[in-house]
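Written below as structure tokens is the structure these notes are about.
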Amino acid sequence: MATIANTQAQGETLGRRLAALIPGLLLLAAVGYAGKFIEQSIAAYTKAHHATFPNIEYVLWAIVIGLIIANTTGVPRIFETGVATYEFWLKAGIVLLGARFLLGDVLHLGGISLLLVAIAVSLSLTFMHVLGRAFTLKPKLTSLLAVGSSICGVSAIIAAKPAIDADDEDASYAIAAILALGAISLFTFPLIGHSLHLSDKAYGLWTGLAVDNTAEATAAGALYSDAAGKVAVLAKTTRNALIGFVVLAYALYWSSRGEAQAVGNKAAFLWRKFPKFVLGFLLISLLATIGFFTKPQLTSLANLSRWAFLLTFAGVGLRTNLRELGKQGWRPFAVGAIGEVFIALLTLGLVYGASHYLNL
Amino acid sequence: MSKTNTTAPQRSISLDVYAVALALILALLVRLNLVPPVKW
């Protein structure tokens, strides 16, 4: 009897949790679709009237609409749970994007990305620590900023925080700085890419290597072109795959100083920190390569991935509160900003080098 | 301290796993033609 009552209660809780997601999901869909609608309307108008107007992707419209809502009226609490699912849609979208890659391309571009990521990560980690010391930041805050800016933004900071026993305050400073810089890079990267006349592949690789958060890297890539967005996701996914190794290195460092818990089983630690969506992406890419899907089915999967990203981009805008970001103090932001400029220049140089020497 | 250590990583893992599961289920439905062609 008690078991049946428990099961019923659990079912009700699950039902209530799912119901709580609905308002926010509808808001994500409405904002994302509004972005798509504006892009299509402008394109149709300019075509009908033979007018010239730069094609602004739905990505930018969705982010801007989200930013306006979040920073004027604010997102009412009833929507918050559903809006927070944008990272879930990002990951599902990345897995489905695997359908647009042949495994050979993944290995070729992924291999180049891995090489560049390894160089960029080691140089940028070193640079961030020198910078953190110069700005007299707390060492653990510097570690979090270094992990966030060299690997993968907020996810890396969240993964590293318990591993190095950092304070909540340090983590929120680091997250705020990384989010603010991510928002800036959304608007600056496409402009720089266009002014340097970068190819889709070179720009996508640069964005994937330099922009911190996966959502912002995906958006910054898609803002340039569809092809650039695809490459940006692949490069960023390669970078994400390294998260476990870097966090493990930091955990070992801080525990050797007696300031974090000892790491037990290193393989289990790596597996726990490894982003599982990378495996899903590789699996779908493998299935696409061996002909498991027909061509129309591959198109459907690619379009499903686009719809998932549409929800993500709406969420990026809706979750960015510029006032909150401004409250976090200037020093972590300054260290992050200088570090980001360094990483952007370094990765741009690496991408130029790869274009010439590695048959990019 | 130990509480933070156990909860934070698990939450992020389950999000990944659910996202992968949803994507694979959708891929299977598309493969079996159980959903109409998805347009953009």
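Within each chain, counting starts at residue 1; across the structure tokens, chains are named A, B, ... in the order shown, with ligands numbered 1 upward in that order.
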
Using DSSP on the backbone, list every residue of segment 194-235 of chain A that comes out as alpha helix (DSSP H), and give them as an MDAnalysis selection string. chainID A and resid 194:195 200:210 214:224 226:235

With C-alpha atoms retained, write the just-selected residues as a JSON list (two decimals), in the first residue's frame.
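Listed below is the output, result.json:
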```
[["chain", "number", "residue", "atom", "x", "y", "z"],
["A", 194, "HIS", "CA", 34.04, 39.72, -41.84],
["A", 195, "SER", "CA", 36.63, 42.47, -41.70],
["A", 200, "ASP", "CA", 33.64, 29.82, -43.15],
["A", 201, "LYS", "CA", 35.96, 27.04, -42.01],
["A", 202, "ALA", "CA", 38.63, 29.34, -40.57],
["A", 203, "TYR", "CA", 36.06, 31.55, -38.82],
["A", 204, "GLY", "CA", 34.15, 28.55, -37.42],
["A", 205, "LEU", "CA", 37.36, 27.03, -36.12],
["A", 206, "TRP", "CA", 38.43, 30.33, -34.56],
["A", 207, "THR", "CA", 35.06, 30.80, -32.85],
["A", 208, "GLY", "CA", 35.00, 27.24, -31.57],
["A", 209, "LEU", "CA", 38.50, 27.66, -30.15],
["A", 210, "ALA", "CA", 38.10, 31.14, -28.66],
["A", 214, "THR", "CA", 29.18, 26.37, -26.00],
["A", 215, "ALA", "CA", 25.89, 28.24, -26.54],
["A", 216, "GLU", "CA", 27.68, 31.50, -27.38],
["A", 217, "ALA", "CA", 30.25, 29.73, -29.59],
["A", 218, "THR", "CA", 27.42, 28.04, -31.51],
["A", 219, "ALA", "CA", 25.57, 31.34, -31.85],
["A", 220, "ALA", "CA", 28.68, 33.34, -32.85],
["A", 221, "GLY", "CA", 29.44, 30.70, -35.52],
["A", 222, "ALA", "CA", 25.86, 30.64, -36.84],
["A", 223, "LEU", "CA", 25.83, 34.45, -36.99],
["A", 224, "TYR", "CA", 28.58, 34.25, -39.62],
["A", 226, "ASP", "CA", 25.50, 28.08, -41.50],
["A", 227, "ALA", "CA", 28.74, 26.36, -42.54],
["A", 228, "ALA", "CA", 30.77, 28.38, -40.02],
["A", 229, "GLY", "CA", 28.28, 27.45, -37.28],
["A", 230, "LYS", "CA", 28.78, 23.76, -38.08],
["A", 231, "VAL", "CA", 32.57, 24.01, -37.81],
["A", 232, "ALA", "CA", 32.32, 26.13, -34.65],
["A", 233, "VAL", "CA", 30.26, 23.42, -32.93],
["A", 234, "LEU", "CA", 32.76, 20.73, -33.92],
["A", 235, "ALA", "CA", 35.77, 22.73, -32.68]]
```

What are the residues of chain B that have an atom within 7 Å of an atom of chain A, counting only C-alpha atoms, as a PyMOL selection string? chain B and resi 4-5+9+15-17+19-20+22-23+27+30-31+37-40

Can I get the selection written as a CSV table (one decimal), in the first residue's frame, with N, CA and C atoms?
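out_19.csv, written as the output of this step:
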```csv
chain,number,residue,atom,x,y,z
B,4,THR,N,28.4,19.6,-1.7
B,4,THR,CA,28.6,20.3,-3.0
B,4,THR,C,29.3,19.3,-3.9
B,5,ASN,N,30.3,18.6,-3.3
B,5,ASN,CA,31.0,17.6,-4.2
B,5,ASN,C,30.2,16.6,-4.8
B,9,PRO,N,28.3,17.6,-9.8
B,9,PRO,CA,28.7,16.9,-11.0
B,9,PRO,C,27.5,16.0,-11.5
B,15,LEU,N,21.9,15.8,-17.1
B,15,LEU,CA,21.4,16.7,-18.2
B,15,LEU,C,21.9,16.2,-19.6
B,16,ASP,N,23.2,15.9,-19.6
B,16,ASP,CA,23.9,15.4,-20.8
B,16,ASP,C,23.2,14.1,-21.3
B,17,VAL,N,23.0,13.2,-20.3
B,17,VAL,CA,22.5,11.9,-20.7
B,17,VAL,C,21.1,12.0,-21.2
B,19,ALA,N,19.8,14.6,-22.7
B,19,ALA,CA,19.9,15.2,-24.0
B,19,ALA,C,20.2,14.2,-25.1
B,20,VAL,N,21.2,13.4,-24.7
B,20,VAL,CA,21.7,12.4,-25.7
B,20,VAL,C,20.5,11.4,-25.9
B,22,LEU,N,17.3,11.8,-25.7
B,22,LEU,CA,16.2,12.5,-26.5
B,22,LEU,C,16.7,12.5,-28.0
B,23,ALA,N,17.9,12.9,-28.2
B,23,ALA,CA,18.4,13.0,-29.6
B,23,ALA,C,18.4,11.7,-30.3
B,27,ALA,N,16.3,10.5,-33.5
B,27,ALA,CA,16.9,9.9,-34.6
B,27,ALA,C,16.3,8.6,-35.0
B,30,VAL,N,12.9,9.2,-36.7
B,30,VAL,CA,13.1,9.7,-38.1
B,30,VAL,C,13.5,8.5,-38.9
B,31,ARG,N,14.4,7.6,-38.4
B,31,ARG,CA,14.9,6.5,-39.2
B,31,ARG,C,13.8,5.5,-39.5
B,37,PRO,N,8.5,14.4,-42.3
B,37,PRO,CA,9.8,15.1,-42.6
B,37,PRO,C,9.8,16.4,-41.8
B,38,VAL,N,10.9,16.8,-41.2
B,38,VAL,CA,11.0,18.0,-40.4
B,38,VAL,C,11.5,19.1,-41.3
B,39,LYS,N,10.7,20.2,-41.4
B,39,LYS,CA,11.1,21.3,-42.2
B,39,LYS,C,11.7,22.4,-41.4
B,40,TRP,N,12.4,23.3,-42.1
B,40,TRP,CA,13.0,24.5,-41.3
B,40,TRP,C,12.4,25.7,-41.9
```

Excluding same-chain residues fewer than 3 positions from segment 137-150 of chain A, what lies within 6 Å of it counting only C-alpha atoms, as a list in words?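 Those residues are Val121, Leu125, Met128, Gly132, Gly153, Ala156, Ile157, Asp170, Ala174 and Asp212 of chain A.
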
Can you measure atom CA of Ser124 of chain A to atom CA of Glu340 of chain A for me? One decimal in Å is fine.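 Atom CA of Glu340 of chain A lies at a distance of 8.9 Å from atom CA of Ser124 of chain A.
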
Which residues are near segment 13-27 of chain A? Cut-off 6 Å, only C-alpha atoms, ignore same chain within fewer than 6 positions. Put them as a PyMOL selection string. chain A and resi 79+81-83

In Å and to one decimal, atom CA of Val106 of chain A is distant from atom CA of Leu282 of chain A by 8.2 Å

Using only C-alpha atoms, which residue out of A:Phe313, A:Leu242, A:Gly258, A:Gly264 lies closest to Ser122 of chain A? A:Leu242

Between atom CA of Arg323 of chain A and atom CA of Val64 of chain A, distance in Å (one decimal):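 Rounded to one decimal, the two atoms are 15.6 Å apart.
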